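Peer 1: My structure is stored as final-v6.pdb, with PDB, C-alpha atoms and all ligand atoms.
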```pdb
ATOM      1  CA  MET M 625       0.000   0.000   0.000
ATOM      2  CA  ARG M 626       1.216   3.516  -0.787
ATOM      3  CA  TYR M 627       0.545   6.253   1.776
ATOM      4  CA  SER M 628      -0.145   9.479  -0.098
ATOM      5  CA  LEU M 629      -0.482  12.022   2.697
ATOM      6  CA  GLY M 630      -0.409  15.786   2.975
ATOM      7  CA  LEU M 631      -1.426  19.044   4.567
ATOM      8  CA  ILE M 632      -4.066  21.391   3.150
ATOM      9  CA  GLY M 633      -4.212  25.030   4.201
ATOM     10  CA  HIS M 634      -3.715  28.554   2.953
ATOM     11  CA  PRO M 635      -0.814  29.259   3.464
ATOM     12  CA  VAL M 636       1.093  26.038   4.264
ATOM     13  CA  SER M 637       4.717  26.726   3.317
ATOM     14  CA  HIS M 638       5.799  27.336   6.957
ATOM     15  CA  SER M 639       4.660  23.868   8.089
ATOM     16  CA  LEU M 640       6.962  21.401   9.833
ATOM     17  CA  SER M 641       4.506  18.531   9.243
ATOM     18  CA  PRO M 642       6.309  17.128   6.151
ATOM     19  CA  ARG M 643       9.471  16.618   8.218
ATOM     20  CA  LEU M 644       7.511  14.788  10.927
ATOM     21  CA  HIS M 645       5.457  12.521   8.695
ATOM     22  CA  LYS M 646       8.277  11.704   6.286
ATOM     23  CA  ALA M 647      10.316  10.639   9.328
ATOM     24  CA  ALA M 648       7.393   8.512  10.542
ATOM     25  CA  LEU M 649       6.994   6.847   7.113
ATOM     26  CA  ALA M 650      10.754   6.147   7.031
ATOM     27  CA  TYR M 651      10.712   4.804  10.614
ATOM     28  CA  HIS M 652       8.196   2.134   9.575
ATOM     29  CA  ALA M 653       9.737   1.692   6.078
ATOM     30  CA  LEU M 654       6.374   2.542   4.483
ATOM     31  CA  ASP M 655       6.012   3.549   0.847
ATOM     32  CA  GLY M 656       4.555   7.051   0.725
ATOM     33  CA  ASP M 657       4.988  10.780   0.782
ATOM     34  CA  TYR M 658       3.673  13.845   2.633
ATOM     35  CA  GLN M 659       3.144  16.954   0.534
ATOM     36  CA  LEU M 660       1.952  20.516   1.151
ATOM     37  CA  PHE M 661      -1.156  21.741  -0.693
ATOM     38  CA  ASP M 662      -1.909  25.455  -0.625
ATOM     39  CA  ILE M 663      -5.611  25.544  -1.490
ATOM     40  CA  ALA M 664      -7.754  28.665  -1.695
ATOM     41  CA  PRO M 665     -11.173  28.247  -0.009
ATOM     42  CA  ALA M 666     -13.045  28.395  -3.346
ATOM     43  CA  ASP M 667     -11.067  25.379  -4.672
ATOM     44  CA  LEU M 668     -11.511  23.126  -1.655
ATOM     45  CA  GLU M 669     -14.345  20.910  -2.895
ATOM     46  CA  ASN M 670     -12.809  20.223  -6.327
ATOM     47  CA  ARG M 671      -9.435  19.427  -4.820
ATOM     48  CA  PHE M 672     -11.067  16.825  -2.567
ATOM     49  CA  LEU M 673     -12.384  14.989  -5.618
ATOM     50  CA  GLU M 674      -8.809  14.904  -6.934
ATOM     51  CA  PHE M 675      -7.461  13.568  -3.625
ATOM     52  CA  ILE M 676     -10.011  10.738  -3.755
ATOM     53  CA  GLU M 677      -9.166   9.987  -7.426
ATOM     54  CA  GLN M 678      -5.476   9.947  -6.577
ATOM     55  CA  ASP M 679      -6.126   7.421  -3.781
ATOM     56  CA  PHE M 680      -4.938   9.629  -0.927
ATOM     57  CA  LYS M 681      -4.894   7.938   2.484
ATOM     58  CA  GLY M 682      -4.833  10.975   4.717
ATOM     59  CA  LEU M 683      -4.647  14.727   5.084
ATOM     60  CA  ASN M 684      -3.923  17.196   7.825
ATOM     61  CA  VAL M 685      -5.956  20.386   7.747
ATOM     62  CA  THR M 686      -4.904  23.837   8.883
ATOM     63  CA  ILE M 687      -6.112  27.453   8.721
ATOM     64  CA  PRO M 688      -8.495  28.403   7.097
ATOM     65  CA  HIS M 689     -10.060  25.008   6.289
ATOM     66  CA  LYS M 690     -10.477  23.355   9.713
ATOM     67  CA  GLN M 691     -14.188  24.161   9.836
ATOM     68  CA  ALA M 692     -14.907  24.387   6.104
ATOM     69  CA  VAL M 693     -14.007  20.706   5.519
ATOM     70  CA  LEU M 694     -16.763  19.514   7.869
ATOM     71  CA  SER M 695     -19.377  19.566   5.101
ATOM     72  CA  LEU M 696     -17.169  17.402   2.833
ATOM     73  CA  LEU M 697     -16.770  14.526   5.309
ATOM     74  CA  HIS M 698     -18.883  11.427   5.909
ATOM     75  CA  SER M 699     -18.199  11.052   9.628
ATOM     76  CA  LEU M 700     -16.526  12.822  12.544
ATOM     77  CA  ASP M 701     -14.895  11.559  15.716
ATOM     78  CA  ASP M 702     -16.236  12.823  19.056
ATOM     79  CA  ASN M 703     -13.580  15.512  19.473
ATOM     80  CA  ALA M 704     -14.093  16.966  15.998
ATOM     81  CA  ARG M 705     -17.865  16.944  16.485
ATOM     82  CA  SER M 706     -17.668  18.576  19.912
ATOM     83  CA  ILE M 707     -15.474  21.455  18.849
ATOM     84  CA  GLY M 708     -16.583  21.742  15.219
ATOM     85  CA  ALA M 709     -13.058  21.633  13.789
ATOM     86  CA  VAL M 710     -11.050  18.930  11.976
ATOM     87  CA  ASN M 711      -7.268  18.714  11.651
ATOM     88  CA  THR M 712      -6.958  15.133  10.350
ATOM     89  CA  ILE M 713      -8.858  13.321   7.595
ATOM     90  CA  ARG M 714      -8.668   9.611   6.830
ATOM     91  CA  PHE M 715      -9.656   8.310   3.400
ATOM     92  CA  ASP M 716     -11.110   4.780   3.080
ATOM     93  CA  ASP M 717     -12.133   4.011  -0.515
ATOM     94  CA  GLY M 718     -13.801   7.386  -0.946
ATOM     95  CA  ILE M 719     -15.249   7.484   2.588
ATOM     96  CA  LEU M 720     -13.810  10.456   4.463
ATOM     97  CA  SER M 721     -13.675  10.600   8.267
ATOM     98  CA  GLY M 722     -12.655  13.682  10.233
ATOM     99  CA  ASN M 723     -10.722  13.767  13.500
ATOM    100  CA  ASN M 724      -9.193  16.375  15.757
ATOM    101  CA  THR M 725      -5.823  15.313  17.127
ATOM    102  CA  ASP M 726      -5.024  18.770  18.580
ATOM    103  CA  VAL M 727      -7.085  17.800  21.633
ATOM    104  CA  PHE M 728      -4.909  14.717  22.237
ATOM    105  CA  GLY M 729      -1.757  16.730  21.501
ATOM    106  CA  PHE M 730      -2.704  19.383  24.028
ATOM    107  CA  THR M 731      -3.751  17.023  26.841
ATOM    108  CA  GLN M 732      -0.675  14.809  26.409
ATOM    109  CA  ALA M 733       1.638  17.835  26.448
ATOM    110  CA  LEU M 734       0.040  19.084  29.675
ATOM    111  CA  LYS M 735       0.158  15.603  31.231
ATOM    112  CA  ASP M 736       3.934  15.684  30.708
ATOM    113  CA  ILE M 737       4.148  19.008  32.574
ATOM    114  CA  PHE M 738       1.692  18.588  35.433
ATOM    115  CA  ALA M 739       1.495  15.803  37.978
ATOM    116  CA  ARG M 740      -1.536  13.505  37.695
ATOM    117  CA  ASN M 741      -4.714  15.350  38.749
ATOM    118  CA  GLU M 742      -2.772  18.553  39.480
ATOM    119  CA  LEU M 743      -5.032  20.526  37.141
ATOM    120  CA  ARG M 744      -8.238  18.960  38.457
ATOM    121  CA  GLY M 745     -10.356  21.765  39.932
ATOM    122  CA  ALA M 746      -7.916  24.459  38.758
ATOM    123  CA  ASN M 747      -8.706  27.653  36.828
ATOM    124  CA  ALA M 748      -7.130  28.667  33.509
ATOM    125  CA  VAL M 749      -7.194  31.449  30.969
ATOM    126  CA  VAL M 750      -7.100  30.824  27.214
ATOM    127  CA  VAL M 751      -5.951  33.684  24.990
ATOM    128  CA  GLY M 752      -7.571  33.515  21.547
ATOM    129  CA  ALA M 753     -10.853  32.173  20.222
ATOM    130  CA  GLY M 754      -9.903  30.262  17.065
ATOM    131  CA  GLY M 755      -9.682  26.569  16.198
ATOM    132  CA  ALA M 756      -6.803  25.799  18.544
ATOM    133  CA  ALA M 757      -8.579  27.511  21.460
ATOM    134  CA  ARG M 758     -11.529  25.157  20.864
ATOM    135  CA  ALA M 759      -9.242  22.123  21.070
ATOM    136  CA  CYS M 760      -7.637  23.460  24.259
ATOM    137  CA  LEU M 761     -11.018  24.024  25.906
ATOM    138  CA  LEU M 762     -12.032  20.437  25.247
ATOM    139  CA  GLY M 763      -8.646  19.235  26.500
ATOM    140  CA  MET M 764      -9.085  21.301  29.652
ATOM    141  CA  ALA M 765     -12.498  19.767  30.267
ATOM    142  CA  GLU M 766     -10.917  16.308  29.922
ATOM    143  CA  LEU M 767      -8.207  17.294  32.393
ATOM    144  CA  GLY M 768     -10.872  18.310  34.904
ATOM    145  CA  LEU M 769     -10.282  22.049  35.112
ATOM    146  CA  SER M 770     -12.972  23.860  37.012
ATOM    147  CA  LYS M 771     -13.188  27.292  35.433
ATOM    148  CA  VAL M 772     -11.767  28.646  32.170
ATOM    149  CA  PHE M 773     -11.732  32.273  31.061
ATOM    150  CA  ILE M 774     -11.408  33.083  27.368
ATOM    151  CA  TYR M 775      -9.685  36.359  26.552
ATOM    152  CA  ALA M 776      -9.746  37.401  22.885
ATOM    153  CA  ARG M 777      -8.991  40.680  21.175
ATOM    154  CA  HIS M 778     -12.513  40.536  19.759
ATOM    155  CA  PRO M 779     -14.734  39.412  22.687
ATOM    156  CA  GLU M 780     -17.669  38.890  20.314
ATOM    157  CA  LYS M 781     -15.690  36.090  18.634
ATOM    158  CA  ALA M 782     -15.078  34.488  22.027
ATOM    159  CA  ASN M 783     -18.818  34.674  22.699
ATOM    160  CA  GLN M 784     -19.533  33.060  19.313
ATOM    161  CA  LEU M 785     -17.077  30.288  20.145
ATOM    162  CA  LEU M 786     -18.790  29.682  23.464
ATOM    163  CA  GLU M 787     -22.220  29.532  21.834
ATOM    164  CA  SER M 788     -21.021  27.104  19.177
ATOM    165  CA  LEU M 789     -19.380  24.628  21.532
ATOM    166  CA  GLN M 790     -21.672  21.654  21.674
ATOM    167  CA  PHE M 791     -19.726  20.195  24.541
ATOM    168  CA  ALA M 792     -20.503  23.144  26.791
ATOM    169  CA  HIS M 793     -24.025  21.747  26.995
ATOM    170  CA  GLN M 794     -23.154  18.087  27.465
ATOM    171  CA  GLU M 795     -21.751  15.817  30.162
ATOM    172  CA  PRO M 796     -18.927  15.553  31.214
ATOM    173  CA  PHE M 797     -18.180  19.102  30.142
ATOM    174  CA  LEU M 798     -20.948  20.639  32.211
ATOM    175  CA  ALA M 799     -18.558  20.395  35.144
ATOM    176  CA  MET M 800     -16.323  23.076  33.599
ATOM    177  CA  ASN M 801     -17.442  26.669  33.760
ATOM    178  CA  ILE M 802     -16.348  28.653  30.681
ATOM    179  CA  SER M 803     -16.759  32.404  30.463
ATOM    180  CA  VAL M 804     -15.508  35.278  28.359
ATOM    181  CA  LEU M 805     -13.394  38.052  29.893
ATOM    182  CA  THR M 806     -14.193  41.389  28.284
ATOM    183  CA  SER M 807     -11.433  43.164  30.204
ATOM    184  CA  LEU M 808      -8.258  42.176  32.053
ATOM    185  CA  ASP M 809     -10.005  41.157  35.274
ATOM    186  CA  LYS M 810      -7.160  41.011  37.833
ATOM    187  CA  GLU M 811      -8.969  38.753  40.281
ATOM    188  CA  ALA M 812      -9.988  36.237  37.615
ATOM    189  CA  ILE M 813      -6.512  36.082  36.082
ATOM    190  CA  ALA M 814      -4.776  35.805  39.458
ATOM    191  CA  SER M 815      -6.997  32.782  40.236
ATOM    192  CA  CYS M 816      -5.532  30.827  37.284
ATOM    193  CA  SER M 817      -2.909  28.074  37.524
ATOM    194  CA  LEU M 818      -2.481  27.994  33.755
ATOM    195  CA  LEU M 819      -2.480  30.419  30.832
ATOM    196  CA  VAL M 820      -2.607  29.040  27.297
ATOM    197  CA  ASN M 821      -1.677  31.214  24.351
ATOM    198  CA  ALA M 822      -3.860  30.020  21.471
ATOM    199  CA  THR M 823      -3.040  32.954  19.183
ATOM    200  CA  PRO M 824      -0.122  33.327  16.752
ATOM    201  CA  LEU M 825       1.364  36.098  18.959
ATOM    202  CA  GLY M 826       5.155  35.847  18.810
ATOM    203  CA  GLN M 827       5.100  33.461  15.825
ATOM    204  CA  SER M 828       6.333  35.767  13.077
ATOM    205  CA  ASP M 829       6.825  39.024  14.995
ATOM    206  CA  PRO M 830       8.900  38.734  18.197
ATOM    207  CA  SER M 831       7.383  41.871  19.739
ATOM    208  CA  LEU M 832       4.404  41.204  22.009
ATOM    209  CA  PRO M 833       1.614  43.770  22.482
ATOM    210  CA  ASP M 834       1.381  45.661  25.781
ATOM    211  CA  TRP M 835      -2.026  44.206  26.716
ATOM    212  CA  TYR M 836      -0.637  40.672  26.402
ATOM    213  CA  CYS M 837       2.460  41.426  28.532
ATOM    214  CA  HIS M 838       0.151  43.027  31.103
ATOM    215  CA  LEU M 839      -2.048  39.913  31.097
ATOM    216  CA  LEU M 840       0.995  37.712  31.752
ATOM    217  CA  SER M 841       2.089  40.019  34.578
ATOM    218  CA  LEU M 842      -1.279  39.520  36.331
ATOM    219  CA  LEU M 843      -0.691  35.783  36.755
ATOM    220  CA  ARG M 844       0.275  34.483  40.164
ATOM    221  CA  ALA M 845       3.868  33.425  40.812
ATOM    222  CA  ASN M 846       3.295  29.651  40.505
ATOM    223  CA  ALA M 847       1.164  29.805  37.327
ATOM    224  CA  PHE M 848       2.302  27.982  34.164
ATOM    225  CA  VAL M 849       2.239  29.513  30.677
ATOM    226  CA  TYR M 850       1.699  27.091  27.772
ATOM    227  CA  ASP M 851       2.356  28.694  24.384
ATOM    228  CA  LEU M 852       0.886  26.861  21.401
ATOM    229  CA  VAL M 853       3.378  28.696  19.200
ATOM    230  CA  TYR M 854       6.571  26.660  18.799
ATOM    231  CA  ALA M 855      10.114  27.558  17.847
ATOM    232  CA  ILE M 856      12.771  24.969  17.104
ATOM    233  CA  GLY M 857      16.077  25.476  18.892
ATOM    234  CA  LYS M 858      15.057  28.682  20.660
ATOM    235  CA  ASP M 859      12.417  30.012  23.045
ATOM    236  CA  THR M 860       9.266  31.708  21.784
ATOM    237  CA  PRO M 861       8.684  35.370  22.751
ATOM    238  CA  THR M 862       5.843  34.290  25.070
ATOM    239  CA  VAL M 863       8.067  31.766  26.871
ATOM    240  CA  LEU M 864      10.843  34.372  27.205
ATOM    241  CA  LYS M 865       8.423  36.977  28.551
ATOM    242  CA  ALA M 866       6.813  34.543  31.008
ATOM    243  CA  ARG M 867      10.206  33.442  32.338
ATOM    244  CA  SER M 868      11.305  37.071  32.713
ATOM    245  CA  LEU M 869       8.285  37.463  35.017
ATOM    246  CA  GLY M 870       9.406  34.467  37.077
ATOM    247  CA  LEU M 871       6.747  32.129  35.645
ATOM    248  CA  LYS M 872       7.265  28.585  34.373
ATOM    249  CA  ALA M 873       6.559  28.206  30.659
ATOM    250  CA  SER M 874       6.753  25.891  27.656
ATOM    251  CA  ASP M 875       6.238  26.303  23.924
ATOM    252  CA  GLY M 876       3.951  24.116  21.767
ATOM    253  CA  THR M 877       6.537  21.670  20.383
ATOM    254  CA  ALA M 878       5.322  18.706  22.444
ATOM    255  CA  MET M 879       1.718  19.345  21.355
ATOM    256  CA  LEU M 880       2.884  19.463  17.732
ATOM    257  CA  LEU M 881       4.633  16.087  18.083
ATOM    258  CA  TYR M 882       1.765  14.379  19.927
ATOM    259  CA  GLN M 883      -0.883  15.564  17.462
ATOM    260  CA  ALA M 884       1.290  14.432  14.540
ATOM    261  CA  ALA M 885       1.854  10.994  16.104
ATOM    262  CA  GLN M 886      -1.906  10.628  16.595
ATOM    263  CA  SER M 887      -2.651  11.644  12.984
ATOM    264  CA  PHE M 888      -0.096   9.124  11.720
ATOM    265  CA  LYS M 889      -1.727   6.420  13.825
ATOM    266  CA  ILE M 890      -5.159   7.277  12.405
ATOM    267  CA  TRP M 891      -3.820   6.853   8.844
ATOM    268  CA  THR M 892      -1.561   3.824   9.315
ATOM    269  CA  GLY M 893      -2.563   2.169  12.608
ATOM    270  CA  LEU M 894       1.074   2.497  13.700
ATOM    271  CA  ASP M 895       2.683   4.232  16.670
ATOM    272  CA  VAL M 896       5.735   6.347  16.082
ATOM    273  CA  PRO M 897       8.084   7.241  18.957
ATOM    274  CA  LEU M 898       8.217  10.908  19.900
ATOM    275  CA  THR M 899      12.011  10.700  19.840
ATOM    276  CA  CYS M 900      11.844   9.874  16.108
ATOM    277  CA  LEU M 901       9.640  12.928  15.457
ATOM    278  CA  MET M 902      11.769  15.172  17.667
ATOM    279  CA  ALA M 903      14.902  14.113  15.791
ATOM    280  CA  ALA M 904      13.202  15.092  12.523
ATOM    281  CA  LEU M 905      12.775  18.655  13.793
ATOM    282  CA  ASN M 906      16.401  19.141  14.781
TER     283      ASN M 906
HETATM  284  P1  LIG M1001      -7.043  30.638  14.180
HETATM  285  O1  LIG M1001      -8.184  29.710  14.111
HETATM  286  O2  LIG M1001      -6.727  31.541  13.039
HETATM  287  O3  LIG M1001      -7.238  31.534  15.495
HETATM  288  C1  LIG M1001      -6.291  32.476  15.881
HETATM  289  C2  LIG M1001      -6.776  33.242  17.100
HETATM  290  O4  LIG M1001      -5.746  34.153  17.456
HETATM  291  C3  LIG M1001      -8.027  34.072  16.850
HETATM  292  O5  LIG M1001      -8.735  34.210  18.058
HETATM  293  C4  LIG M1001      -7.426  35.437  16.443
HETATM  294  O6  LIG M1001      -8.240  36.524  16.714
HETATM  295  C5  LIG M1001      -6.263  35.496  17.379
HETATM  296  N1  LIG M1001      -5.220  36.369  16.895
HETATM  297  C6  LIG M1001      -4.604  36.345  15.693
HETATM  298  N2  LIG M1001      -3.673  37.317  15.622
HETATM  299  C7  LIG M1001      -3.718  37.970  16.819
HETATM  300  C8  LIG M1001      -3.026  39.071  17.356
HETATM  301  N3  LIG M1001      -2.070  39.699  16.665
HETATM  302  N4  LIG M1001      -3.353  39.495  18.593
HETATM  303  C9  LIG M1001      -4.310  38.876  19.300
HETATM  304  N5  LIG M1001      -5.023  37.822  18.853
HETATM  305  C10 LIG M1001      -4.714  37.376  17.615
HETATM  306  O7  LIG M1001      -5.684  29.851  14.489
HETATM  307  P2  LIG M1001      -5.538  28.520  15.383
HETATM  308  O8  LIG M1001      -5.653  27.325  14.530
HETATM  309  O9  LIG M1001      -6.435  28.671  16.542
HETATM  310  O10 LIG M1001      -3.989  28.624  15.808
HETATM  311  C11 LIG M1001      -3.558  29.572  16.771
HETATM  312  C12 LIG M1001      -2.056  29.369  17.007
HETATM  313  O11 LIG M1001      -1.846  28.100  17.604
HETATM  314  C13 LIG M1001      -1.229  29.393  15.730
HETATM  315  O12 LIG M1001      -0.023  30.066  15.986
HETATM  316  C14 LIG M1001      -0.958  27.930  15.454
HETATM  317  O13 LIG M1001       0.252  27.721  14.743
HETATM  318  C15 LIG M1001      -0.863  27.402  16.880
HETATM  319  N6  LIG M1001      -1.151  25.968  16.957
HETATM  320  C16 LIG M1001      -0.190  25.160  17.445
HETATM  321  C17 LIG M1001      -0.440  23.807  17.562
HETATM  322  C18 LIG M1001       0.643  22.903  18.120
HETATM  323  O14 LIG M1001       0.570  21.699  17.885
HETATM  324  N7  LIG M1001       1.586  23.434  18.876
HETATM  325  C19 LIG M1001      -1.659  23.268  17.163
HETATM  326  C20 LIG M1001      -2.639  24.134  16.669
HETATM  327  C21 LIG M1001      -2.372  25.500  16.562
HETATM  328  P3  LIG M1001      -9.171  37.199  15.570
HETATM  329  O15 LIG M1001     -10.300  36.259  15.370
HETATM  330  O16 LIG M1001      -9.529  38.481  16.183
HETATM  331  O17 LIG M1001      -8.293  37.322  14.350
END
```
Represent the supplied structure as structure tokens.
Peer 2:
Amino acid sequence: MRYSLGLIGHPVSHSLSPRLHKAALAYHALDGDYQLFDIAPADLENRFLEFIEQDFKGLNVTIPHKQAVLSLLHSLDDNARSIGAVNTIRFDDGILSGNNTDVFGFTQALKDIFARNELRGANAVVVGAGGAARACLLGMAELGLSKVFIYARHPEKANQLLESLQFAHQEPFLAMNISVLTSLDKEAIASCSLLVNATPLGQSDPSLPDWYCHLLSLLRANAFVYDLVYAIGKDTPTVLKARSLGLKASDGTAMLLYQAAQSFKIWTGLDVPLTCLMAALN
């Protein structure tokens, strides 16, 4: 069997996914390739017909298609259905199933940082209200957090996210209280054990806006900052800023590796060691 795999998005050229999945294919000596496909939204449907014709086995999905692909798929896993966003598609003889491995990537990365049950009952703040924020919120519910505040530069988008989250109305997620912060509420932020940056802040421009630095400065001394942005061989601006404030912090590399390993397993049924993926990044 040949594994024709790839990433669809717009743009995609910055992606590290080819390195990871080519290393995974090589690790298992599988015949296949992982290519980047920059697809404009208007071309999405036609390109899917081509992927099926060309016997593709799997695709990753990134901005801006994570929600748009939903209507092209035959089935969704629970995570993708709950948060309304897909980052992994498996092809089975023209039947397309959608998954969201960002949730697994996020929870596994946090499990490596925090002791078992340490986050249970804790509060957190998520910065951003896009697709990754959705995955983090579901991951936080799985980890048993008690209260999560969403802070977004456009609070109306955070409110839309909250309204659209099916899981906010279902067990076991009812146990987690999610609300939108419309201002930098000192008391709420100081109650948080964790801040997650789910925006691209610091990704292409190292300077961080004043409001964001102020938000970080309102965290209590033992809070942890998890930055979904990743940088290979150096610290991200968010991690540097958090550490300068005396906070513990990590970038999103581990989440990237875990979500990739999970996608690869969905396509091939095979596990790939994180060390193999990490080596491919260096
Ligand atoms: P997205 O759906 O486009 O959402 C981005 C969010 O960030 C939106 O809320 C957006 O607000 C906000 N934002 C964008 N630029 C901003 C700025 N300059 N200041 C403040 N807020 C800003 O993207 P996503 O898929 O959620 O991804 C977010 C980040 O997470 C990206 O950097 C992505 O690479 C990273 N990520 C990492 C992993 C990993 O494995 N480590 C996985 C997924 C995503 P508006 O709606 O107002 O534009």
Peer 1: Of the candidates M:Asp726, M:Asp679, M:Asp851, M:Asp736, which one gets nearest to Arg714 (chain M) if we count all atoms listed in the file?
Peer 2: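 Once distances to Arg714 (chain M) are computed over all atoms listed in the file, the minimum belongs to M:Asp679.
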Peer 1: Go through M:Leu694, M:Leu631, M:Ala759, M:Ile707 and flag the residue nearest ligand LIG 1001 (chain M), using all atoms listed in the file for the distances.
Peer 2: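 Smallest separation from ligand LIG 1001 (chain M) among the options: M:Ala759.
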Peer 1: Pick out the residues no farther than 6 Å from ligand LIG 1001 (chain M), counting only C-alpha atoms and all ligand atoms, and list them as an mmCIF file with C-alpha atoms, in the frame of the given file.
Peer 2:
```
data_model
loop_
_atom_site.group_PDB
_atom_site.id
_atom_site.type_symbol
_atom_site.label_atom_id
_atom_site.label_comp_id
_atom_site.auth_asym_id
_atom_site.auth_seq_id
_atom_site.Cartn_x
_atom_site.Cartn_y
_atom_site.Cartn_z
ATOM 1 C CA ILE M 687 -6.112 27.453 8.721
ATOM 2 C CA ASP M 726 -5.024 18.770 18.580
ATOM 3 C CA GLY M 752 -7.571 33.515 21.547
ATOM 4 C CA ALA M 753 -10.853 32.173 20.222
ATOM 5 C CA GLY M 754 -9.903 30.262 17.065
ATOM 6 C CA GLY M 755 -9.682 26.569 16.198
ATOM 7 C CA ALA M 756 -6.803 25.799 18.544
ATOM 8 C CA ALA M 757 -8.579 27.511 21.460
ATOM 9 C CA ALA M 776 -9.746 37.401 22.885
ATOM 10 C CA ARG M 777 -8.991 40.680 21.175
ATOM 11 C CA HIS M 778 -12.513 40.536 19.759
ATOM 12 C CA ALA M 822 -3.860 30.020 21.471
ATOM 13 C CA THR M 823 -3.040 32.954 19.183
ATOM 14 C CA PRO M 824 -0.122 33.327 16.752
ATOM 15 C CA LEU M 825 1.364 36.098 18.959
ATOM 16 C CA LEU M 852 0.886 26.861 21.401
ATOM 17 C CA VAL M 853 3.378 28.696 19.200
ATOM 18 C CA TYR M 854 6.571 26.660 18.799
ATOM 19 C CA GLY M 876 3.951 24.116 21.767
ATOM 20 C CA THR M 877 6.537 21.670 20.383
ATOM 21 C CA MET M 879 1.718 19.345 21.355
ATOM 22 C CA LEU M 880 2.884 19.463 17.732
#
```
Peer 1: Counting all atoms listed in the file, find the residues whose atoms lie at most 8 Å from (-9.8, 39.2, 27.7) (file coordinates) and write them out as an mmCIF file with C-alpha atoms, keeping the file's coordinate frame.
Peer 2:
```cif
data_model
loop_
_atom_site.group_PDB
_atom_site.id
_atom_site.type_symbol
_atom_site.label_atom_id
_atom_site.label_comp_id
_atom_site.auth_asym_id
_atom_site.auth_seq_id
_atom_site.Cartn_x
_atom_site.Cartn_y
_atom_site.Cartn_z
ATOM 1 C CA VAL M 751 -5.951 33.684 24.990
ATOM 2 C CA PHE M 773 -11.732 32.273 31.061
ATOM 3 C CA ILE M 774 -11.408 33.083 27.368
ATOM 4 C CA TYR M 775 -9.685 36.359 26.552
ATOM 5 C CA ALA M 776 -9.746 37.401 22.885
ATOM 6 C CA ARG M 777 -8.991 40.680 21.175
ATOM 7 C CA PRO M 779 -14.734 39.412 22.687
ATOM 8 C CA VAL M 804 -15.508 35.278 28.359
ATOM 9 C CA LEU M 805 -13.394 38.052 29.893
ATOM 10 C CA THR M 806 -14.193 41.389 28.284
ATOM 11 C CA SER M 807 -11.433 43.164 30.204
ATOM 12 C CA LEU M 808 -8.258 42.176 32.053
ATOM 13 C CA ASP M 809 -10.005 41.157 35.274
#
```
Peer 1: Using the chain letters and residue numbers of this document, give as a list in words the residues selected by the PyMOL selection byres (((chain M and resi 856) around 9) and not hetatm).
Peer 2: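 Expected selection for the PyMOL selection byres (((chain M and resi 856) around 9) and not hetatm) here is Tyr854, Ala855, Gly857, Lys858, Asp859, Thr860, Thr877, Leu905 and Asn906 of chain M.
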Peer 1: May I have the residues within 12 Å of Leu839 (chain M) as a ChimeraX atom specification, using only C-alpha atoms and disregarding those fewer than 3 positions away in the same chain?
Peer 2: /M:749-751,775-776,805,807-814,816,819-821,832-836,842-844,849,862,865-866,869
Peer 1: Between CA of His634 (chain M) and CA of Phe888 (chain M), what is the spacing in Å?
Peer 2: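 One can read the CA of Phe888 (chain M) to CA of His634 (chain M) distance as 21.6 Å.
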Peer 1: List the residues matched by the PyMOL selection byres (((chain M and resi 898-900) around 8) and not hetatm) in the displayed structure as a list in words, ordered by chain and then by residue number.
Peer 2: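 With the PyMOL selection byres (((chain M and resi 898-900) around 8) and not hetatm) on this model, the match is Ala647, Ala648, Tyr651, Leu881, Tyr882, Ala885, Val896, Pro897, Leu901, Met902, Ala903 and Ala904 of chain M.
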Peer 1: Every residue with an atom at most 12 Å from (8.7, 12.5, -0.6) (file coordinates; all atoms listed in the file) is what I'm after, so could you write them as number ranges by chain?
Peer 2: M: 626-630, 642-650, 654-660
Peer 1: Could you turn the residues from that selection into a file that holds C-alpha atoms, as a compact mmCIF listing (two decimals), in the frame of the given file?
Peer 2:
```
# COMPACT_ATOMS: atom_id res chain seq x y z
CA ARG M 626 1.22 3.52 -0.79
CA TYR M 627 0.55 6.25 1.78
CA SER M 628 -0.14 9.48 -0.10
CA LEU M 629 -0.48 12.02 2.70
CA GLY M 630 -0.41 15.79 2.98
CA PRO M 642 6.31 17.13 6.15
CA ARG M 643 9.47 16.62 8.22
CA LEU M 644 7.51 14.79 10.93
CA HIS M 645 5.46 12.52 8.70
CA LYS M 646 8.28 11.70 6.29
CA ALA M 647 10.32 10.64 9.33
CA ALA M 648 7.39 8.51 10.54
CA LEU M 649 6.99 6.85 7.11
CA ALA M 650 10.75 6.15 7.03
CA LEU M 654 6.37 2.54 4.48
CA ASP M 655 6.01 3.55 0.85
CA GLY M 656 4.56 7.05 0.72
CA ASP M 657 4.99 10.78 0.78
CA TYR M 658 3.67 13.84 2.63
CA GLN M 659 3.14 16.95 0.53
CA LEU M 660 1.95 20.52 1.15
```
